[in-house]
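Engineer: Hey, dropping query-v3.txt in here, compact mmCIF, C-alpha atoms:
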# COMPACT_ATOMS: atom_id res chain seq x y z
CA MET A 292 36.27 39.55 12.86
CA LYS A 293 34.46 36.33 13.83
CA LYS A 294 31.37 38.38 14.64
CA ILE A 295 31.36 39.84 11.12
CA GLN A 296 31.79 36.35 9.62
CA LYS A 297 28.81 35.05 11.63
CA ILE A 298 26.65 38.00 10.54
CA MET A 299 27.67 37.46 6.91
CA ALA A 300 26.97 33.72 7.14
CA ALA A 301 23.55 34.38 8.68
CA GLY A 302 22.87 36.93 5.93
CA MET A 303 23.85 34.39 3.26
CA VAL A 304 21.53 31.78 4.77
CA ALA A 305 18.67 34.29 4.89
CA LEU A 306 19.36 35.32 1.28
CA PHE A 307 19.40 31.66 0.18
CA ILE A 308 16.06 31.00 1.89
CA LEU A 309 14.57 34.12 0.32
CA ILE A 310 15.78 33.19 -3.18
CA ALA A 311 14.67 29.56 -2.81
CA GLY A 312 11.26 30.71 -1.63
CA CYS A 313 10.78 32.92 -4.70
CA GLY A 314 10.82 29.88 -6.96
CA SER A 315 8.20 27.96 -5.01
CA LYS A 316 4.66 27.82 -6.32
CA THR A 317 1.85 28.46 -3.88
CA GLN A 318 -1.38 26.80 -4.94
CA LEU A 319 -4.53 28.83 -4.46
CA THR A 320 -7.18 27.31 -2.20
CA PRO A 321 -10.29 26.15 -4.09
CA ALA A 322 -12.91 28.90 -4.02
CA ARG A 323 -15.74 26.43 -3.50
CA LYS A 324 -16.57 22.73 -3.42
CA ILE A 325 -16.56 21.10 -6.84
CA GLU A 326 -17.57 17.55 -5.90
CA GLY A 327 -20.69 16.21 -7.63
CA ARG A 328 -22.18 15.35 -11.02
CA TRP A 329 -21.71 17.94 -13.77
CA LYS A 330 -23.60 17.58 -17.07
CA THR A 331 -24.02 19.40 -20.33
CA SER A 332 -27.59 20.63 -20.87
CA SER A 333 -27.32 20.36 -24.65
CA HIS A 334 -25.08 18.72 -27.23
CA VAL A 335 -21.53 20.06 -27.56
CA MET A 336 -19.72 19.91 -30.90
CA PHE A 337 -16.42 18.03 -30.77
CA TYR A 338 -14.02 18.48 -33.70
CA ILE A 339 -11.96 15.48 -34.79
CA LYS A 340 -8.66 15.83 -36.62
CA THR A 341 -6.42 13.02 -37.90
CA ASP A 342 -3.48 12.67 -40.27
CA PHE A 343 -5.04 9.54 -41.81
CA CYS A 344 -6.56 11.14 -44.94
CA THR A 345 -3.82 13.70 -45.56
CA ASP A 346 -0.18 14.08 -44.55
CA ASN A 347 -1.05 16.69 -41.93
CA LEU A 348 -3.36 16.73 -38.94
CA SER A 349 -6.57 18.11 -40.42
CA LEU A 350 -10.26 18.25 -39.58
CA VAL A 351 -11.93 15.04 -40.75
CA ALA A 352 -15.17 14.85 -38.76
CA ASN A 353 -17.27 16.31 -35.99
CA GLN A 354 -19.61 14.79 -33.45
CA ASP A 355 -22.25 16.03 -31.02
CA ARG A 356 -21.72 14.85 -27.46
CA MET A 357 -23.60 14.98 -24.20
CA VAL A 358 -20.94 14.95 -21.47
CA THR A 359 -21.09 14.04 -17.78
CA MET A 360 -18.28 14.51 -15.26
CA ASP A 361 -18.60 12.81 -11.89
CA ILE A 362 -16.10 14.60 -9.65
CA LYS A 363 -14.89 13.30 -6.29
CA GLU A 364 -12.51 15.30 -4.11
CA THR A 365 -9.40 13.33 -3.14
CA GLY A 366 -7.45 16.08 -1.38
CA ASP A 367 -7.47 19.81 -0.73
CA TYR A 368 -6.45 20.56 -4.32
CA THR A 369 -7.12 17.30 -6.20
CA VAL A 370 -10.08 15.38 -7.61
CA ASP A 371 -10.82 12.13 -9.42
CA ILE A 372 -13.07 12.49 -12.47
CA THR A 373 -15.14 9.90 -14.30
CA LEU A 374 -16.03 11.42 -17.66
CA THR A 375 -18.71 9.76 -19.79
CA TYR A 376 -20.22 10.90 -23.04
CA ALA A 377 -22.92 9.89 -25.49
CA GLY A 378 -22.03 10.76 -29.05
CA SER A 379 -24.40 11.35 -31.96
CA ASN A 380 -24.36 12.80 -35.47
CA PHE A 381 -20.82 11.71 -36.38
CA THR A 382 -20.24 13.56 -39.66
CA VAL A 383 -17.26 13.19 -42.00
CA VAL A 384 -16.36 16.69 -43.24
CA ASN A 385 -13.14 16.08 -45.18
CA SER A 386 -13.53 15.08 -48.84
CA ALA A 387 -10.01 13.57 -48.80
CA CYS A 388 -11.40 10.80 -46.56
CA ASP A 389 -12.87 8.09 -48.79
CA SER A 390 -14.30 5.41 -46.52
CA SER A 391 -12.55 6.05 -43.22
CA THR A 392 -11.19 8.97 -41.20
CA GLY A 393 -8.64 7.00 -39.17
CA TYR A 394 -10.37 8.17 -35.99
CA THR A 395 -10.15 5.78 -33.06
CA PRO A 396 -13.22 6.54 -30.94
CA ASP A 397 -12.62 7.90 -27.45
CA VAL A 398 -13.25 5.51 -24.59
CA SER A 399 -16.25 6.22 -22.37
CA PRO A 400 -15.94 6.27 -19.42
CA MET A 401 -12.58 7.98 -19.05
CA TYR A 402 -10.95 7.90 -15.61
CA LEU A 403 -9.13 11.17 -15.11
CA HIS A 404 -7.83 13.36 -12.32
CA GLY A 405 -7.68 17.08 -11.76
CA ASP A 406 -5.99 19.89 -9.91
CA ILE A 407 -7.95 22.80 -8.49
CA ALA A 408 -6.64 26.32 -7.91
CA SER A 409 -9.20 28.92 -6.86
CA THR A 410 -11.93 28.66 -9.55
CA GLN A 411 -9.90 26.67 -12.11
CA LEU A 412 -9.97 22.93 -12.71
CA THR A 413 -7.20 21.38 -14.80
CA VAL A 414 -8.22 17.93 -16.09
CA MET A 415 -5.47 15.38 -16.81
CA ASN A 416 -5.13 11.78 -17.90
CA SER A 417 -3.12 9.13 -16.03
CA GLU A 418 0.13 10.42 -17.61
CA SER A 419 -0.68 13.94 -16.28
CA LYS A 420 -1.25 15.26 -19.80
CA VAL A 421 -3.64 18.21 -19.67
CA LEU A 422 -6.88 17.48 -21.54
CA GLY A 423 -8.97 20.42 -20.43
CA ILE A 424 -8.92 23.62 -18.42
CA PHE A 425 -12.18 24.77 -16.86
CA THR A 426 -13.38 27.63 -14.69
CA PHE A 427 -16.27 27.08 -12.31
CA THR A 428 -18.75 28.83 -10.06
CA SER A 429 -21.08 27.21 -7.54
CA ASP A 430 -23.06 25.39 -10.22
CA LEU A 431 -21.61 26.30 -13.65
CA MET A 432 -18.40 25.06 -15.30
CA GLN A 433 -16.97 25.91 -18.70
CA GLY A 434 -13.77 25.12 -20.46
CA THR A 435 -11.89 23.90 -23.49
CA TRP A 436 -11.25 20.22 -24.24
CA ASN A 437 -8.22 19.18 -26.31
CA ASP A 438 -7.05 15.57 -26.38
CA GLN A 439 -4.27 14.88 -28.88
CA TRP A 440 -2.25 11.67 -29.21
CA CYS A 441 -0.36 9.60 -31.74
CA MET A 442 0.13 5.88 -32.32
CA VAL A 443 0.25 4.78 -35.96
CA TYR A 444 -1.73 7.91 -36.87
CA CYS A 445 -2.27 11.07 -34.86
CA GLN A 446 -5.63 12.43 -33.77
CA ASP A 447 -6.94 15.48 -31.98
CA VAL A 448 -10.39 15.74 -30.39
CA SER A 449 -11.34 19.21 -29.20
CA THR A 450 -14.05 21.77 -28.56
CA THR A 451 -14.08 25.45 -29.32
CA THR A 452 -12.57 27.73 -26.68
CA LYS A 453 -14.79 27.50 -23.57
CA GLY A 454 -17.17 25.41 -25.67
CA LEU A 455 -17.78 22.71 -23.06
CA LYS A 456 -20.33 24.02 -20.55
CA LEU A 457 -21.60 21.87 -17.66
CA THR A 458 -24.08 22.41 -14.84
CA LEU A 459 -23.91 20.89 -11.37
CA GLN A 460 -26.83 18.50 -10.86
CA HIS A 461 -28.69 18.86 -7.56
Kindly present the structure from the file in C-alpha cells form.
Structural biologist:
Amino acid sequence: MKKIQKIMAAGMVALFILIAGCGSKTQLTPARKIEGRWKTSSHVMFYIKTDFCTDNLSLVANQDRMVTMDIKETGDYTVDITLTYAGSNFTVVNSACDSSTGYTPDVSPMYLHGDIASTQLTVMNSESKVLGIFTFTSDLMQGTWNDQWCMVYCQDVSTTTKGLKLTLQH
C-alpha cells in the first residue's frame, strides 16, 4: 500500500511539474546581432491624433520625420535604445482645429529599451509600454510606431503598419 502511495505521489509531482512547465514562456534566441545605429533613408510620415479639437481622438496633423535608433545590447534578449528624430513639414489637417492642435511635441532623444525574440524587436518606454514592434534582418528593420498617452488631453503619434523602415549604418 505504501509503495502505491509513493508511486502516486511521485506521479502527482511529475504531473505538477509538467503542468507548471506548460505555462512558462520560452524566449527565442535573437537570430542575429542588432547592436548599432539604424536610420531611415527617407522621411517617414507620422500621424498625430488628439482630442483637443473635437471630443474624440481624431487626426489633427502629420509630420515628416527622419529617425535614428542607436541600439546597445544589454543582455541576451534586451537592448537600450536612444531614439532621435528630426521633424519637418508639420501640417494641420483637421479643420476643427483653429489655431492649435493640442499636440505636445515628442521629446528627442527618447531613451527606451527593447526585448528581442528571434527577428522581432519590441520597443518600450520606461513604464514598459509598447511603442513599436519591428522585424529585422542583418541590416534592415521595419515596424509600426504607436505612442498614445493622456494627461489633460490625449494624443496618439503613429506610423502606418510597417511604415517605419531603418537601415543599419556601417
Engineer: Got a sec to check which residues sit within 9 Å of (-11.3, 17.5, -35.3), counting all atoms listed in the file, and write them as a list in words?
Structural biologist: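 Collected hits near the coordinates: Phe337, Tyr338, Ile339, Lys340, Thr341, Leu348, Ser349, Leu350, Val351, Ala352, Asn353, Gln354, Gln446, Asp447, Val448, Ser449 and Thr450 of chain A.
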Engineer: What's the 8 Å shell around Leu459 in chain A, counting only C-alpha atoms, without same-chain residues fewer than 3 positions away, as JSON, numbers by chain?
Structural biologist: {"A": [327, 328, 329, 330, 429, 430, 431, 432]}
Engineer: So that I can see what lies close to Thr373 in chain A, please list as a PyMOL selection string the residues with an atom at most 12 Å from it, counting all atoms listed in the file and leaving out residues fewer than 3 positions away in the same chain.
Structural biologist: chain A and resi 326-330+358-364+370+376+398-405+414-416
Engineer: Take the residues that were just selected and, keeping C-alpha atoms, output them as a PDB file, in the coordinates of the input.
Structural biologist:
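Wrote selection34.pdb, looks like this:
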ATOM      1  CA  GLU A 326     -17.570  17.550  -5.900  1.00  0.00           C
ATOM      2  CA  GLY A 327     -20.690  16.210  -7.630  1.00  0.00           C
ATOM      3  CA  ARG A 328     -22.180  15.350 -11.020  1.00  0.00           C
ATOM      4  CA  TRP A 329     -21.710  17.940 -13.770  1.00  0.00           C
ATOM      5  CA  LYS A 330     -23.600  17.580 -17.070  1.00  0.00           C
ATOM      6  CA  VAL A 358     -20.940  14.950 -21.470  1.00  0.00           C
ATOM      7  CA  THR A 359     -21.090  14.040 -17.780  1.00  0.00           C
ATOM      8  CA  MET A 360     -18.280  14.510 -15.260  1.00  0.00           C
ATOM      9  CA  ASP A 361     -18.600  12.810 -11.890  1.00  0.00           C
ATOM     10  CA  ILE A 362     -16.100  14.600  -9.650  1.00  0.00           C
ATOM     11  CA  LYS A 363     -14.890  13.300  -6.290  1.00  0.00           C
ATOM     12  CA  GLU A 364     -12.510  15.300  -4.110  1.00  0.00           C
ATOM     13  CA  VAL A 370     -10.080  15.380  -7.610  1.00  0.00           C
ATOM     14  CA  TYR A 376     -20.220  10.900 -23.040  1.00  0.00           C
ATOM     15  CA  VAL A 398     -13.250   5.510 -24.590  1.00  0.00           C
ATOM     16  CA  SER A 399     -16.250   6.220 -22.370  1.00  0.00           C
ATOM     17  CA  PRO A 400     -15.940   6.270 -19.420  1.00  0.00           C
ATOM     18  CA  MET A 401     -12.580   7.980 -19.050  1.00  0.00           C
ATOM     19  CA  TYR A 402     -10.950   7.900 -15.610  1.00  0.00           C
ATOM     20  CA  LEU A 403      -9.130  11.170 -15.110  1.00  0.00           C
ATOM     21  CA  HIS A 404      -7.830  13.360 -12.320  1.00  0.00           C
ATOM     22  CA  GLY A 405      -7.680  17.080 -11.760  1.00  0.00           C
ATOM     23  CA  VAL A 414      -8.220  17.930 -16.090  1.00  0.00           C
ATOM     24  CA  MET A 415      -5.470  15.380 -16.810  1.00  0.00           C
ATOM     25  CA  ASN A 416      -5.130  11.780 -17.900  1.00  0.00           C
TER      26      ASN A 416
END
Engineer: Quick one: of A:Trp436, A:Phe381, A:Phe427, A:Tyr394, who's nearest to Thr410 in chain A, counting all atoms listed in the file?
Structural biologist: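 Comparing A:Trp436, A:Phe381, A:Phe427, A:Tyr394 against Thr410 in chain A, the winner is A:Phe427.
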Engineer: So how far away is CA of Phe425 in chain A from CA of Tyr368 in chain A, in Å?
Structural biologist: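 Calculated distance between CA of Tyr368 in chain A and CA of Phe425 in chain A is 14.4 Å.
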Engineer: In Å, with one decimal, what is the gap from CA of Gly393 in chain A to CA of Cys445 in chain A?
Structural biologist: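 Straight-line distance from CA of Gly393 in chain A to CA of Cys445 in chain A works out to 8.7 Å.
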Engineer: Kindly give the distance, in Å, that separates CA of Val383 in chain A and CA of Thr452 in chain A, rounded to a single decimal.
Structural biologist: 21.6 Å
Engineer: Name all residues at most 7 Å from Ile407 in chain A (count all atoms listed in the file; drop same-chain ones fewer than 2 positions away) and give them as a PyMOL selection string.
Structural biologist: chain A and resi 321+368-369+405+409+411-413
Engineer: Give me a file of those residues, with C-alpha atoms, as an mmCIF file, in the frame of the given file.
Structural biologist:
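The resulting file, again-v4.cif, is reproduced below:
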data_model
loop_
_atom_site.group_PDB
_atom_site.id
_atom_site.type_symbol
_atom_site.label_atom_id
_atom_site.label_comp_id
_atom_site.auth_asym_id
_atom_site.auth_seq_id
_atom_site.Cartn_x
_atom_site.Cartn_y
_atom_site.Cartn_z
ATOM 1 C CA PRO A 321 -10.290 26.150 -4.090
ATOM 2 C CA TYR A 368 -6.450 20.560 -4.320
ATOM 3 C CA THR A 369 -7.120 17.300 -6.200
ATOM 4 C CA GLY A 405 -7.680 17.080 -11.760
ATOM 5 C CA SER A 409 -9.200 28.920 -6.860
ATOM 6 C CA GLN A 411 -9.900 26.670 -12.110
ATOM 7 C CA LEU A 412 -9.970 22.930 -12.710
ATOM 8 C CA THR A 413 -7.200 21.380 -14.800
#
Engineer: Would you mind telling me which residue in A:Thr435, A:Ser417, A:Thr365, A:Gln460 lies nearest to Met336 in chain A when using only C-alpha atoms?
Structural biologist: A:Thr435
Engineer: Which residue gives the smallest distance to Phe343 in chain A among A:Gln433, A:Trp440, A:Thr392, A:Thr458, with only C-alpha atoms counted?
Structural biologist: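 Closest to Phe343 in chain A, using only C-alpha atoms: A:Thr392.
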Engineer: From the options A:Arg356, A:Asp371, A:Lys453, A:Gly434, which residue's atoms come nearest to Ser332 in chain A, counting all atoms listed in the file?
Structural biologist: A:Arg356
Engineer: Please return the centre and edge lengths, in Å to one decimal, of a box with edges along x, y and z that contains all listed atoms of range 417-434 of chain A, widened by 4 Å on every side, as JSON.
Structural biologist:
{"center_x": -11.5, "center_y": 19.0, "center_z": -14.5, "size_x": 31.2, "size_y": 27.7, "size_z": 22.0}
Engineer: With N, CA and C atoms as the target, complete range 449-461 of chain A and hand it back as a compact mmCIF listing (two decimals), in the frame of the given file.
Structural biologist:
# COMPACT_ATOMS: atom_id res chain seq x y z
N SER A 449 -11.28 17.97 -29.95
CA SER A 449 -11.34 19.21 -29.20
C SER A 449 -12.69 19.90 -29.35
N THR A 450 -12.88 20.89 -28.49
CA THR A 450 -14.05 21.77 -28.56
C THR A 450 -13.55 23.17 -28.92
N THR A 451 -14.47 24.06 -29.17
CA THR A 451 -14.08 25.45 -29.32
C THR A 451 -13.63 25.97 -27.94
N THR A 452 -13.01 27.12 -27.92
CA THR A 452 -12.57 27.73 -26.68
C THR A 452 -13.78 27.97 -25.77
N LYS A 453 -13.71 27.42 -24.57
CA LYS A 453 -14.79 27.50 -23.57
C LYS A 453 -16.10 26.93 -24.10
N GLY A 454 -15.99 25.98 -25.04
CA GLY A 454 -17.17 25.41 -25.67
C GLY A 454 -17.85 24.30 -24.89
N LEU A 455 -17.20 23.79 -23.86
CA LEU A 455 -17.78 22.71 -23.06
C LEU A 455 -18.33 23.32 -21.78
N LYS A 456 -19.66 23.38 -21.69
CA LYS A 456 -20.33 24.02 -20.55
C LYS A 456 -21.14 22.94 -19.81
N LEU A 457 -20.93 22.87 -18.49
CA LEU A 457 -21.60 21.87 -17.66
C LEU A 457 -22.28 22.56 -16.48
N THR A 458 -23.33 21.91 -15.99
CA THR A 458 -24.08 22.41 -14.84
C THR A 458 -24.06 21.36 -13.75
N LEU A 459 -23.88 21.80 -12.51
CA LEU A 459 -23.91 20.89 -11.37
C LEU A 459 -25.35 20.42 -11.17
N GLN A 460 -25.51 19.10 -11.06
CA GLN A 460 -26.83 18.50 -10.86
C GLN A 460 -27.13 18.43 -9.36
N HIS A 461 -28.32 18.87 -8.98
CA HIS A 461 -28.69 18.86 -7.56
C HIS A 461 -29.65 17.76 -7.26
